[in-house]
Amino acid sequence: MLVVMKNDATEEQVQAVIKEIEKMGYRGIPMPGAERTAVCIVGNKGPVDGIRLLTMDGVKEAIPVTKPFKMVSNETKPEPTVISIGDVKIGGGGIVMIAGPCAVESERQAMTIAHYVKALGAQIFRGGAFKPRTSPYSFQGLGEEGLKILAKVRQETGLLIVTEATDNASIELVEEYADIIQIGARNMQNYSLLRRAGQAKKPVLLKRGLAATIDELLMSAEYIMSEGNAQIILCERGIRTFTNTTRNTLDLSAIPSIKELSHLPIIVDPSHAAGRREFVIPLSKAAVAVGADGLIVEVHNDPAHALSDGAQSLYLEQFAQLMKEIKMMGRAGG
Ligand code: PEP
Ligand code: MN
């Protein structure tokens with residue numbers, strides 16, 4: 001249930017409602033909105049008797065939330081969430097462009113790619129320092145050394161940094177160095193990691209699991225939000241299907257589906273969906289056409305020698321072409 005406060009409700013009245021909810025044995029989480037604050041009741045197993053709350057000062061109405069995910073639902077917050085980091089805005093109508101290699105391999109590699117994508121209008125640099133690899137014998141990332149390189153990239157280029165935390169140890173370091181903490185597809189249902197991300201003071205980029213439904217993705221976002229972190233960016237990155245001409249299948253329907261259910265921004269990763277660089281530009285355009293709030297793409301200065309995901313990494317010139325085509329569609333760069 002959602003307790004909607006009046007426009008002129010005071011902070012004391014909001015706190016009194018939260019106290020009353022706690023007396024009933026639940027948790028009340030304030031959700032400040034553009035016009036009014038609402039208090040979301042969580043922890044209840046069945047319907048909540050809201051009559052007691054309706055008579056309290058400052059309370060306008062009590063609305064039942066029909067979905068299992070509550071705080072991420074747009075029943076709770078009808079206006080879209082816009083995440084602002086410095087000058088960069090994610091959600092609310094623009095297209096955020098995130099680009100960089102799959103993995104940080106060296107300072108020279110990261111810097112070369114970063115300067116190039118920055119000059120073309122990318123706002124955020126991606127690059128893994130902790131890599132979740134299918135084989136234990138594959139390159140696992142540079143670890144903290146990679147994070148230090150990312151910090152230098154931010155310092156030299158002004159790009160924001162997003163990088164993956166693979167477990168509860170690496171998230172400590174990632175939170176320190178990055179602007180956005182990425183939770184990868186394989187960890188979408190790692191609930192202890194989600195809870196830890198929910199306690200972080202940085203926005204979280206949550207990727208959809210390889211075989212996860214939209215409801216499951218939203219429930220994972222709910223884990224993060226229920227710990228107090230409302231800055232979540234969802235990411236569709238392709239799911240497993242029977243098709244084998246691409247690495248995964250980009251589920252374009254996920255974008256309007258999520259927009260229908262949630263206020264959170266949703267971006268698309270065409271690189272991991274396709275697994276082939278030739279498909280990245282067409283899939284990016286499709287993602288923008290269906291309303292994605294941004295793109296995260298893999299770009300490499302020497303894909304043939306990339307230590308991971310070379311086949312799906314755009315050549316630098318291809319990234320220039322992608323930017324041109326997205327700009328022609330009219331919403332790029334916010
Ligand atoms: C990545 O972004 O490099 C990555 C490993 O993505 P995913 O978790 O979507 O496979
Ligand atoms: Mn990758």
# chains A, B, ... in the order shown; residues from 1 in each chain; ligands from 1

$ residues_around --residues "stretch 268-280 of chain A" --least-positions-apart "3" --cutoff "7 Å" --atoms "only C-alpha atoms" --output "JSON, numbers by chain"
{"A": [235, 236, 237, 238, 246, 247, 248, 249, 250, 283, 284, 287, 292, 294, 295, 296, 297, 298, 311, 312, 313, 314]}

$ select_by_dssp --residues "stretch 54-259 of chain A" --states "alpha helix (DSSP H)" --output "ChimeraX atom specification"
/A:54,107-119,144-157,170-177,191-199,214-226,254-259

$ residues_around --residues "A:Leu150" --least-positions-apart "5" --cutoff "10 Å" --atoms "only C-alpha atoms" --output "JSON, numbers by chain"
{"A": [104, 106, 107, 110, 111, 114, 125, 126, 127, 128, 129, 144, 145, 155, 156, 159, 160, 161, 162, 163, 177, 178]}

$ residues_near_ligand --ligand "ligand 1" --cutoff "6 Å" --atoms "only C-alpha atoms and all ligand atoms" --output "PyMOL selection string"
chain A and resi 102+184-186+207+237+272

$ write_last_selection --atoms "C-alpha atoms" --output "mmCIF file, in the first residue's frame"
data_model
loop_
_atom_site.group_PDB
_atom_site.id
_atom_site.type_symbol
_atom_site.label_atom_id
_atom_site.label_comp_id
_atom_site.auth_asym_id
_atom_site.auth_seq_id
_atom_site.Cartn_x
_atom_site.Cartn_y
_atom_site.Cartn_z
ATOM 1 C CA CYS A 102 34.658 -4.872 -22.318
ATOM 2 C CA GLY A 184 26.142 -7.935 -14.295
ATOM 3 C CA ALA A 185 23.622 -10.297 -15.846
ATOM 4 C CA ARG A 186 25.045 -13.322 -14.009
ATOM 5 C CA LYS A 207 21.617 -5.778 -16.046
ATOM 6 C CA ARG A 237 21.349 -6.937 -22.650
ATOM 7 C CA HIS A 272 26.257 -8.469 -25.418
#

$ residues_around --residues "A:Asp8" --least-positions-apart "4" --cutoff "10 Å" --atoms "only C-alpha atoms" --output "PDB file with all heavy atoms, in the first residue's frame"
ATOM      1  N   GLU A  35       5.604  16.434  -6.705  1.00  0.00           N
ATOM      2  CA  GLU A  35       4.564  17.260  -6.091  1.00  0.00           C
ATOM      3  C   GLU A  35       4.260  16.908  -4.640  1.00  0.00           C
ATOM      4  O   GLU A  35       3.875  17.766  -3.860  1.00  0.00           O
ATOM      5  CB  GLU A  35       3.287  17.173  -6.927  1.00  0.00           C
ATOM      6  CG  GLU A  35       3.398  18.123  -8.107  1.00  0.00           C
ATOM      7  CD  GLU A  35       2.386  17.908  -9.177  1.00  0.00           C
ATOM      8  OE1 GLU A  35       1.345  17.296  -8.902  1.00  0.00           O
ATOM      9  OE2 GLU A  35       2.658  18.358 -10.296  1.00  0.00           O
ATOM     10  N   ARG A  36       4.401  15.629  -4.322  1.00  0.00           N
ATOM     11  CA  ARG A  36       4.059  15.230  -2.950  1.00  0.00           C
ATOM     12  C   ARG A  36       4.884  14.017  -2.551  1.00  0.00           C
ATOM     13  O   ARG A  36       5.464  13.339  -3.385  1.00  0.00           O
ATOM     14  CB  ARG A  36       2.558  14.934  -2.830  1.00  0.00           C
ATOM     15  CG  ARG A  36       1.902  14.114  -3.951  1.00  0.00           C
ATOM     16  CD  ARG A  36       2.345  12.734  -4.033  1.00  0.00           C
ATOM     17  NE  ARG A  36       1.678  11.852  -4.946  1.00  0.00           N
ATOM     18  CZ  ARG A  36       2.218  10.691  -5.302  1.00  0.00           C
ATOM     19  NH1 ARG A  36       3.392  10.329  -4.868  1.00  0.00           N
ATOM     20  NH2 ARG A  36       1.575   9.870  -6.113  1.00  0.00           N
ATOM     21  N   THR A  37       4.934  13.813  -1.235  1.00  0.00           N
ATOM     22  CA  THR A  37       5.643  12.639  -0.734  1.00  0.00           C
ATOM     23  C   THR A  37       4.638  11.511  -0.548  1.00  0.00           C
ATOM     24  O   THR A  37       3.478  11.748  -0.195  1.00  0.00           O
ATOM     25  CB  THR A  37       6.322  12.973   0.613  1.00  0.00           C
ATOM     26  OG1 THR A  37       7.360  13.913   0.349  1.00  0.00           O
ATOM     27  CG2 THR A  37       6.920  11.754   1.280  1.00  0.00           C
ATOM     28  N   GLY A  58      -2.196  15.253   7.497  1.00  0.00           N
ATOM     29  CA  GLY A  58      -1.309  15.340   6.326  1.00  0.00           C
ATOM     30  C   GLY A  58      -1.520  14.225   5.318  1.00  0.00           C
ATOM     31  O   GLY A  58      -0.938  14.247   4.235  1.00  0.00           O
ATOM     32  N   VAL A  59      -2.362  13.215   5.657  1.00  0.00           N
ATOM     33  CA  VAL A  59      -2.554  12.086   4.730  1.00  0.00           C
ATOM     34  C   VAL A  59      -3.684  12.411   3.750  1.00  0.00           C
ATOM     35  O   VAL A  59      -4.765  12.847   4.146  1.00  0.00           O
ATOM     36  CB  VAL A  59      -2.873  10.786   5.504  1.00  0.00           C
ATOM     37  CG1 VAL A  59      -3.252   9.660   4.537  1.00  0.00           C
ATOM     38  CG2 VAL A  59      -1.684  10.378   6.351  1.00  0.00           C
TER      39      VAL A  59
END

$ atom_distance --atom1 "atom CA of A:Ala151" --atom2 "atom CA of A:Glu172"
15.1 Å

$ closest_residue --among "A:Gly143, A:Gly158, A:Gly100, A:Pro203" --to "ligand 2" --atoms "only C-alpha atoms and all ligand atoms"
A:Gly100

$ residues_around --residues "A:Tyr137" --least-positions-apart "5" --cutoff "12 Å" --atoms "only C-alpha atoms" --output "VMD selection string"
chain A and resid 131 to 132 307

$ residues_around --residues "A:Gly46" --least-positions-apart "6" --cutoff "12 Å" --atoms "only C-alpha atoms" --output "PyMOL selection string"
chain A and resi 1+26+64-66+68

$ write_last_selection --atoms "N, CA, C and O atoms" --output "PDB file, in the first residue's frame"
ATOM      1  N   MET A   1       0.832  -1.197   0.000  1.00  0.00           N
ATOM      2  CA  MET A   1       0.000   0.000   0.000  1.00  0.00           C
ATOM      3  C   MET A   1       0.868   1.249   0.000  1.00  0.00           C
ATOM      4  O   MET A   1       1.979   1.250   0.521  1.00  0.00           O
ATOM      5  N   TYR A  26       5.113  -3.243  10.067  1.00  0.00           N
ATOM      6  CA  TYR A  26       5.666  -3.150   8.706  1.00  0.00           C
ATOM      7  C   TYR A  26       6.742  -2.077   8.672  1.00  0.00           C
ATOM      8  O   TYR A  26       7.047  -1.444   9.678  1.00  0.00           O
ATOM      9  N   PRO A  64      -3.861   0.927  -2.858  1.00  0.00           N
ATOM     10  CA  PRO A  64      -3.244  -0.405  -2.847  1.00  0.00           C
ATOM     11  C   PRO A  64      -2.260  -0.550  -4.017  1.00  0.00           C
ATOM     12  O   PRO A  64      -2.524  -0.045  -5.105  1.00  0.00           O
ATOM     13  N   VAL A  65      -1.102  -1.170  -3.770  1.00  0.00           N
ATOM     14  CA  VAL A  65      -0.143  -1.437  -4.851  1.00  0.00           C
ATOM     15  C   VAL A  65      -0.332  -2.896  -5.239  1.00  0.00           C
ATOM     16  O   VAL A  65      -0.185  -3.786  -4.412  1.00  0.00           O
ATOM     17  N   THR A  66      -0.693  -3.110  -6.509  1.00  0.00           N
ATOM     18  CA  THR A  66      -1.095  -4.457  -6.905  1.00  0.00           C
ATOM     19  C   THR A  66       0.095  -5.338  -7.292  1.00  0.00           C
ATOM     20  O   THR A  66      -0.014  -6.542  -7.350  1.00  0.00           O
ATOM     21  N   PRO A  68       3.972  -7.122  -7.085  1.00  0.00           N
ATOM     22  CA  PRO A  68       4.862  -7.601  -6.012  1.00  0.00           C
ATOM     23  C   PRO A  68       6.049  -6.657  -5.803  1.00  0.00           C
ATOM     24  O   PRO A  68       6.592  -6.565  -4.709  1.00  0.00           O
TER      25      PRO A  68
END

$ closest_residue --among "A:Asp293, A:Glu20, A:Glu164, A:Asp215" --to "ligand 2" --atoms "only C-alpha atoms and all ligand atoms"
A:Glu164

$ closest_residue --among "A:Ala62, A:Leu264, A:Ile326, A:Ala254" --to "A:Ala289" --atoms "only C-alpha atoms"
A:Ile326
